[in-house]
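Shown next: start31.cif, containing mmCIF, C-alpha atoms.
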```cif
data_coords
loop_
_atom_site.label_atom_id
_atom_site.label_comp_id
_atom_site.auth_asym_id
_atom_site.auth_seq_id
_atom_site.Cartn_x
_atom_site.Cartn_y
_atom_site.Cartn_z
CA MET A 376 12.88 1.09 -0.01
CA CYS A 377 9.36 1.41 1.36
CA LEU A 378 10.08 -0.52 4.53
CA ASP A 379 13.09 1.71 5.19
CA GLU A 380 10.84 4.78 5.01
CA LEU A 381 8.51 3.58 7.78
CA THR A 382 9.51 5.36 10.96
CA GLY A 383 7.42 3.28 13.36
CA GLY A 384 6.02 6.16 15.33
CA GLY A 385 3.26 4.15 16.93
CA ARG A 386 1.74 0.79 17.62
CA ARG A 387 -0.33 -0.07 14.56
CA VAL A 388 0.49 -0.42 10.90
CA LEU A 389 -1.83 -1.38 8.06
CA GLU A 390 -0.45 -2.99 4.93
CA VAL A 391 -2.79 -2.60 1.98
CA GLY A 392 -2.27 -5.29 -0.65
CA PHE A 393 -0.12 -7.66 1.43
CA TRP A 394 -0.41 -10.63 -1.01
CA SER A 395 1.99 -13.17 0.58
CA GLY A 396 2.69 -11.16 3.74
CA ILE A 397 6.45 -11.24 3.20
CA SER A 398 6.85 -7.74 4.67
CA PHE A 399 5.23 -8.83 7.95
CA PHE A 400 8.60 -10.09 9.20
CA ASN A 401 10.09 -6.59 8.88
CA LEU A 402 6.98 -4.84 10.16
CA HIS A 403 6.91 -7.14 13.20
CA GLU A 404 10.28 -5.70 14.27
CA VAL A 405 8.89 -2.13 14.39
CA TYR A 406 5.16 -2.34 15.18
CA ALA A 407 3.26 -4.06 17.98
CA GLU A 408 0.24 -4.67 15.72
CA ILE A 409 0.30 -5.47 12.03
CA HIS A 410 -3.05 -5.37 10.24
CA ALA A 411 -3.45 -6.19 6.57
CA ILE A 412 -6.07 -6.00 3.84
CA ASP A 413 -5.97 -7.41 0.32
CA LEU A 414 -8.52 -7.77 -2.42
CA THR A 415 -7.32 -11.13 -3.76
CA ALA A 416 -4.85 -12.76 -1.32
CA ASN A 417 -5.52 -16.20 0.12
CA ILE A 418 -6.29 -15.06 3.68
CA ASP A 419 -6.36 -18.54 5.26
CA GLU A 420 -3.07 -19.64 3.71
CA VAL A 421 -1.21 -16.49 4.76
CA ALA A 422 -2.74 -16.51 8.26
CA ASN A 423 -1.77 -20.15 8.81
CA PHE A 424 1.79 -19.50 7.65
CA PHE A 425 2.29 -16.64 10.13
CA ARG A 426 0.41 -18.34 12.97
CA ALA A 427 2.95 -21.19 12.68
CA ARG A 428 5.72 -18.60 13.14
CA VAL A 429 4.31 -17.36 16.44
CA PHE A 430 2.70 -14.10 15.51
CA VAL A 431 -0.88 -13.44 14.58
CA THR A 432 -1.80 -10.73 12.14
CA PRO A 433 -5.44 -9.70 11.62
CA LEU A 434 -6.04 -10.17 7.90
CA GLN A 435 -9.03 -8.86 5.97
CA GLN A 436 -10.28 -9.53 2.48
CA GLY A 437 -11.25 -6.12 1.20
CA ASP A 438 -10.85 -3.08 -0.97
CA VAL A 439 -8.70 -0.02 -0.24
CA ARG A 440 -11.57 2.17 -1.43
CA ASN A 441 -13.84 0.98 1.40
CA MET A 442 -11.93 -0.38 4.40
CA PRO A 443 -13.52 -1.91 7.53
CA TYR A 444 -11.41 0.04 10.05
CA ALA A 445 -12.24 2.84 12.48
CA ASP A 446 -11.28 6.42 11.76
CA GLY A 447 -7.74 7.27 12.88
CA TYR A 448 -6.95 3.69 13.89
CA PHE A 449 -3.49 3.33 12.31
CA ASP A 450 -0.19 5.08 12.95
CA SER A 451 1.16 4.06 9.53
CA VAL A 452 -0.20 2.70 6.27
CA LEU A 453 2.02 0.83 3.80
CA MET A 454 1.07 0.21 0.16
CA ILE A 455 3.54 -1.43 -2.21
CA SER A 456 2.55 -1.72 -5.88
CA ILE A 457 -1.14 -1.00 -5.30
CA LEU A 458 -1.99 2.47 -6.56
CA GLU A 459 -0.82 1.91 -10.13
CA HIS A 460 -3.44 -0.82 -10.45
CA LEU A 461 -6.31 1.55 -9.66
CA PRO A 462 -8.01 3.44 -12.47
CA PRO A 463 -7.42 7.20 -12.15
CA GLU A 464 -11.04 7.77 -11.14
CA ASP A 465 -10.54 5.46 -8.09
CA LEU A 466 -7.25 6.94 -6.86
CA LEU A 467 -8.78 9.80 -4.93
CA GLN A 468 -11.33 7.55 -3.18
CA ALA A 469 -8.56 5.12 -2.15
CA LEU A 470 -6.38 7.90 -0.77
CA VAL A 471 -9.27 9.57 1.06
CA GLU A 472 -10.02 6.19 2.67
CA VAL A 473 -6.36 5.79 3.68
CA ARG A 474 -6.42 9.27 5.21
CA ARG A 475 -9.59 8.32 7.12
CA VAL A 476 -7.99 5.29 8.80
CA LEU A 477 -4.72 7.11 9.60
CA ARG A 478 -4.43 8.95 12.89
CA PRO A 479 -3.77 12.70 12.58
CA GLY A 480 -0.07 13.06 11.80
CA GLY A 481 0.16 9.41 10.73
CA GLN A 482 2.44 8.19 7.99
CA LEU A 483 1.51 6.87 4.53
CA VAL A 484 4.31 5.15 2.64
CA TYR A 485 3.67 3.82 -0.81
CA GLY A 486 5.84 2.41 -3.51
CA ALA A 487 5.06 2.13 -7.17
CA PRO A 488 7.19 1.36 -10.19
CA VAL A 489 8.67 4.29 -12.01
CA GLU A 490 7.48 3.93 -15.57
CA ARG A 491 10.30 4.17 -18.07
CA PRO A 492 10.29 3.61 -21.85
CA LEU A 493 12.47 0.51 -21.41
CA MET A 494 9.92 -1.04 -19.04
CA VAL A 495 7.03 -0.29 -21.42
CA THR A 496 9.03 -1.80 -24.31
CA ALA A 497 9.94 -4.89 -22.27
CA PHE A 498 6.28 -5.52 -21.44
CA ARG A 499 5.37 -5.11 -25.13
CA LEU A 500 8.03 -7.66 -26.10
CA LEU A 501 6.44 -10.04 -23.59
CA GLY A 502 3.10 -9.48 -25.30
CA THR A 503 1.55 -7.25 -22.63
CA ASN A 504 0.52 -3.63 -22.69
CA ILE A 505 1.54 -2.17 -19.33
CA ARG A 506 -1.61 -0.02 -19.39
CA SER A 507 -3.68 -3.20 -19.11
CA GLN A 508 -2.18 -3.63 -15.60
CA HIS A 509 -1.03 -0.13 -14.59
CA PHE A 510 -3.89 2.28 -15.08
CA SER A 511 -2.43 5.42 -13.53
CA THR A 512 0.88 7.07 -14.20
CA PRO A 513 3.41 8.10 -11.53
CA ARG A 514 2.64 11.77 -12.18
CA ARG A 515 -1.10 11.15 -11.72
CA ARG A 516 -0.55 9.21 -8.46
CA ILE A 517 1.58 11.96 -6.95
CA SER A 518 -0.72 14.78 -8.01
CA THR A 519 -3.69 12.90 -6.51
CA ALA A 520 -1.91 11.86 -3.29
CA ARG A 521 -0.63 15.23 -2.17
CA PRO A 522 -3.98 17.02 -1.80
CA ALA A 523 -5.70 13.84 -0.54
CA SER A 524 -3.36 13.47 2.44
CA PRO A 525 -2.75 16.92 3.97
CA SER A 526 -2.86 15.64 7.57
CA ALA A 527 -0.48 12.74 6.98
CA GLU A 528 3.18 12.52 6.17
CA CYS A 529 3.32 10.97 2.70
CA VAL A 530 6.49 9.30 1.52
CA PHE A 531 6.63 8.51 -2.17
CA ALA A 532 9.14 5.67 -2.22
CA GLY A 533 10.22 4.84 -5.75
CA CYS A 534 7.81 7.29 -7.32
CA LEU A 535 10.15 9.88 -8.72
CA VAL A 536 8.82 11.73 -11.73
CA ARG A 537 11.30 13.26 -14.15
#
```
Would you put the structure from the file into structure tokens?
Amino acid sequence: MCLDELTGGGRRVLEVGFWSGISFFNLHEVYAEIHAIDLTANIDEVANFFRARVFVTPLQQGDVRNMPYADGYFDSVLMISILEHLPPEDLLQALVEVRRVLRPGGQLVYGAPVERPLMVTAFRLLGTNIRSQHFSTPRRRISTARPASPSAECVFAGCLVR
């Protein structure tokens, strides 16, 4: 759903939290430059995989709350299953940093799981409290994102709050 929401609209996209880089194939069809940052991904392994497939993507080890990119550098920013892992007190800083690296009028697309009682129960049955992995609720993410990104088009893919 998130990839379908990206309109292109420029040359450069940043994927925050790329992990395996699987979305690079789709992004490569729309953007001339794909940049990516991840806190824990194996940068060398992912870079080698994509280099062998004839496209090079600048990868960075880093944190969404403090990114090593110039102001207004990206046309689009993509984040899939990232924001729910940030404590509520870090959400605003992350979104302000995303706004900083987006060009005026750029596009932020993020996807996050919609928390439902069945999902919470399923995690409990597996012996895990979802709150040990997902620190912020969908409602909190949306209420933080809207005022943090007034100059960007924000698309909340999969983040419906009922």
d(CA of Glu390 in chain A, CA of Leu493 in chain A) in Å: 29.5 Å
Might you spell out which residues the PyMOL selection byres ((chain A and resi 405-422) around 6) would select in the displayed file, as a short mmCIF file (atom, residue, chain, number, x, y, z; two decimals) with C-alpha atoms, in the frame of the given file?
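Below is the file result_23.cif, written as the result:
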```cif
data_model
loop_
_atom_site.label_atom_id
_atom_site.label_comp_id
_atom_site.auth_asym_id
_atom_site.auth_seq_id
_atom_site.Cartn_x
_atom_site.Cartn_y
_atom_site.Cartn_z
CA GLY A 383 7.42 3.28 13.36
CA ARG A 386 1.74 0.79 17.62
CA ARG A 387 -0.33 -0.07 14.56
CA VAL A 388 0.49 -0.42 10.90
CA LEU A 389 -1.83 -1.38 8.06
CA GLU A 390 -0.45 -2.99 4.93
CA VAL A 391 -2.79 -2.60 1.98
CA GLY A 392 -2.27 -5.29 -0.65
CA PHE A 393 -0.12 -7.66 1.43
CA TRP A 394 -0.41 -10.63 -1.01
CA LEU A 402 6.98 -4.84 10.16
CA HIS A 403 6.91 -7.14 13.20
CA GLU A 404 10.28 -5.70 14.27
CA ASN A 423 -1.77 -20.15 8.81
CA PHE A 424 1.79 -19.50 7.65
CA PHE A 425 2.29 -16.64 10.13
CA ARG A 426 0.41 -18.34 12.97
CA THR A 432 -1.80 -10.73 12.14
CA PRO A 433 -5.44 -9.70 11.62
CA LEU A 434 -6.04 -10.17 7.90
CA GLN A 435 -9.03 -8.86 5.97
CA GLN A 436 -10.28 -9.53 2.48
CA GLY A 437 -11.25 -6.12 1.20
CA ASP A 438 -10.85 -3.08 -0.97
#
```
Pairwise distance for CA of Val452 in chain A and CA of Gly480 in chain A, rounded to one decimal in Å: 11.7 Å
My list of candidates is A:Met494, A:Val471, A:Ala487, A:Cys377. Which is closest to Ser456 in chain A when distances are computed with all atoms listed in the file?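 Under the stated criterion, the closest residue is A:Ala487.
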Could you check the closest approach to Met442 in chain A for each of A:Arg491, A:Leu466, A:Met454, A:Val473 and tell me which residue wins, using only C-alpha atoms?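 Among A:Arg491, A:Leu466, A:Met454, A:Val473, it is A:Val473 that comes nearest to Met442 in chain A.
Relative to CA of Ile455 in chain A, CA of Ser398 in chain A is found at 9.9 Å.
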Choose the residue, out of A:Ala469, A:Val439, A:Val431, A:Leu483, that has the smallest atom-to-atom separation from Gly396 in chain A; count all atoms listed in the file.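 Closest candidate: A:Val431.
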Since the input is missing atoms, can you rebuild N, CA and C atoms for range 410-446 of chain A and write them as a tab-separated table (two decimals), keeping the file's coordinate frame?
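Below is the file that was written, result.tsv:
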```
chain	number	residue	atom	x	y	z
A	410	HIS	N	-1.76	-5.04	10.84
A	410	HIS	CA	-3.05	-5.37	10.24
A	410	HIS	C	-2.84	-5.36	8.73
A	411	ALA	N	-3.65	-6.11	8.01
A	411	ALA	CA	-3.45	-6.19	6.57
A	411	ALA	C	-4.77	-6.43	5.86
A	412	ILE	N	-4.88	-5.83	4.68
A	412	ILE	CA	-6.07	-6.00	3.84
A	412	ILE	C	-5.61	-6.21	2.40
A	413	ASP	N	-6.31	-7.11	1.71
A	413	ASP	CA	-5.97	-7.41	0.32
A	413	ASP	C	-7.24	-7.84	-0.39
A	414	LEU	N	-7.34	-7.45	-1.62
A	414	LEU	CA	-8.52	-7.77	-2.42
A	414	LEU	C	-8.54	-9.23	-2.86
A	415	THR	N	-7.36	-9.80	-3.14
A	415	THR	CA	-7.32	-11.13	-3.76
A	415	THR	C	-6.46	-12.16	-3.05
A	416	ALA	N	-5.76	-11.81	-1.98
A	416	ALA	CA	-4.85	-12.76	-1.32
A	416	ALA	C	-5.63	-13.91	-0.70
A	417	ASN	N	-4.95	-15.03	-0.55
A	417	ASN	CA	-5.52	-16.20	0.12
A	417	ASN	C	-5.33	-16.00	1.63
A	418	ILE	N	-6.35	-15.45	2.27
A	418	ILE	CA	-6.29	-15.06	3.68
A	418	ILE	C	-5.93	-16.25	4.57
A	419	ASP	N	-6.60	-17.38	4.40
A	419	ASP	CA	-6.36	-18.54	5.26
A	419	ASP	C	-4.93	-19.05	5.14
A	420	GLU	N	-4.43	-19.15	3.93
A	420	GLU	CA	-3.07	-19.64	3.71
A	420	GLU	C	-2.03	-18.73	4.36
A	421	VAL	N	-2.16	-17.43	4.17
A	421	VAL	CA	-1.21	-16.49	4.76
A	421	VAL	C	-1.32	-16.49	6.29
A	422	ALA	N	-2.54	-16.49	6.80
A	422	ALA	CA	-2.74	-16.51	8.26
A	422	ALA	C	-2.13	-17.76	8.88
A	423	ASN	N	-2.33	-18.91	8.28
A	423	ASN	CA	-1.77	-20.15	8.81
A	423	ASN	C	-0.25	-20.13	8.80
A	424	PHE	N	0.33	-19.60	7.75
A	424	PHE	CA	1.79	-19.50	7.65
A	424	PHE	C	2.34	-18.68	8.81
A	425	PHE	N	1.76	-17.51	9.07
A	425	PHE	CA	2.29	-16.64	10.13
A	425	PHE	C	1.92	-17.14	11.52
A	426	ARG	N	0.78	-17.77	11.67
A	426	ARG	CA	0.41	-18.34	12.97
A	426	ARG	C	1.44	-19.40	13.37
A	427	ALA	N	1.94	-20.17	12.41
A	427	ALA	CA	2.95	-21.19	12.68
A	427	ALA	C	4.29	-20.57	13.07
A	428	ARG	N	4.48	-19.30	12.80
A	428	ARG	CA	5.72	-18.60	13.14
A	428	ARG	C	5.55	-17.69	14.35
A	429	VAL	N	4.54	-17.93	15.12
A	429	VAL	CA	4.31	-17.36	16.44
A	429	VAL	C	3.86	-15.90	16.44
A	430	PHE	N	3.39	-15.37	15.35
A	430	PHE	CA	2.70	-14.10	15.51
A	430	PHE	C	1.46	-14.08	14.64
A	431	VAL	N	0.43	-13.48	15.21
A	431	VAL	CA	-0.88	-13.44	14.58
A	431	VAL	C	-1.09	-12.04	14.03
A	432	THR	N	-1.54	-11.99	12.80
A	432	THR	CA	-1.80	-10.73	12.14
A	432	THR	C	-3.25	-10.73	11.68
A	433	PRO	N	-4.05	-9.75	12.12
A	433	PRO	CA	-5.44	-9.70	11.62
A	433	PRO	C	-5.45	-9.39	10.12
A	434	LEU	N	-5.97	-10.32	9.35
A	434	LEU	CA	-6.04	-10.17	7.90
A	434	LEU	C	-7.49	-9.98	7.47
A	435	GLN	N	-7.69	-9.12	6.50
A	435	GLN	CA	-9.03	-8.86	5.97
A	435	GLN	C	-9.01	-9.00	4.45
A	436	GLN	N	-10.06	-9.58	3.92
A	436	GLN	CA	-10.28	-9.53	2.48
A	436	GLN	C	-11.04	-8.24	2.25
A	437	GLY	N	-10.53	-7.36	1.41
A	437	GLY	CA	-11.25	-6.12	1.20
A	437	GLY	C	-10.56	-5.17	0.25
A	438	ASP	N	-11.21	-4.06	0.04
A	438	ASP	CA	-10.85	-3.08	-0.97
A	438	ASP	C	-10.36	-1.79	-0.31
A	439	VAL	N	-9.27	-1.25	-0.78
A	439	VAL	CA	-8.70	-0.02	-0.24
A	439	VAL	C	-9.67	1.16	-0.36
A	440	ARG	N	-10.62	1.07	-1.25
A	440	ARG	CA	-11.57	2.17	-1.43
A	440	ARG	C	-12.69	2.16	-0.39
A	441	ASN	N	-12.79	1.10	0.40
A	441	ASN	CA	-13.84	0.98	1.40
A	441	ASN	C	-13.36	0.01	2.48
A	442	MET	N	-12.56	0.50	3.42
A	442	MET	CA	-11.93	-0.38	4.40
A	442	MET	C	-12.73	-0.47	5.69
A	443	PRO	N	-12.71	-1.66	6.33
A	443	PRO	CA	-13.52	-1.91	7.53
A	443	PRO	C	-12.82	-1.52	8.84
A	444	TYR	N	-12.14	-0.38	8.86
A	444	TYR	CA	-11.41	0.04	10.05
A	444	TYR	C	-11.96	1.37	10.56
A	445	ALA	N	-11.78	1.60	11.85
A	445	ALA	CA	-12.24	2.84	12.48
A	445	ALA	C	-11.40	4.03	12.02
A	446	ASP	N	-11.98	5.19	12.08
A	446	ASP	CA	-11.28	6.42	11.76
A	446	ASP	C	-10.07	6.58	12.68
```
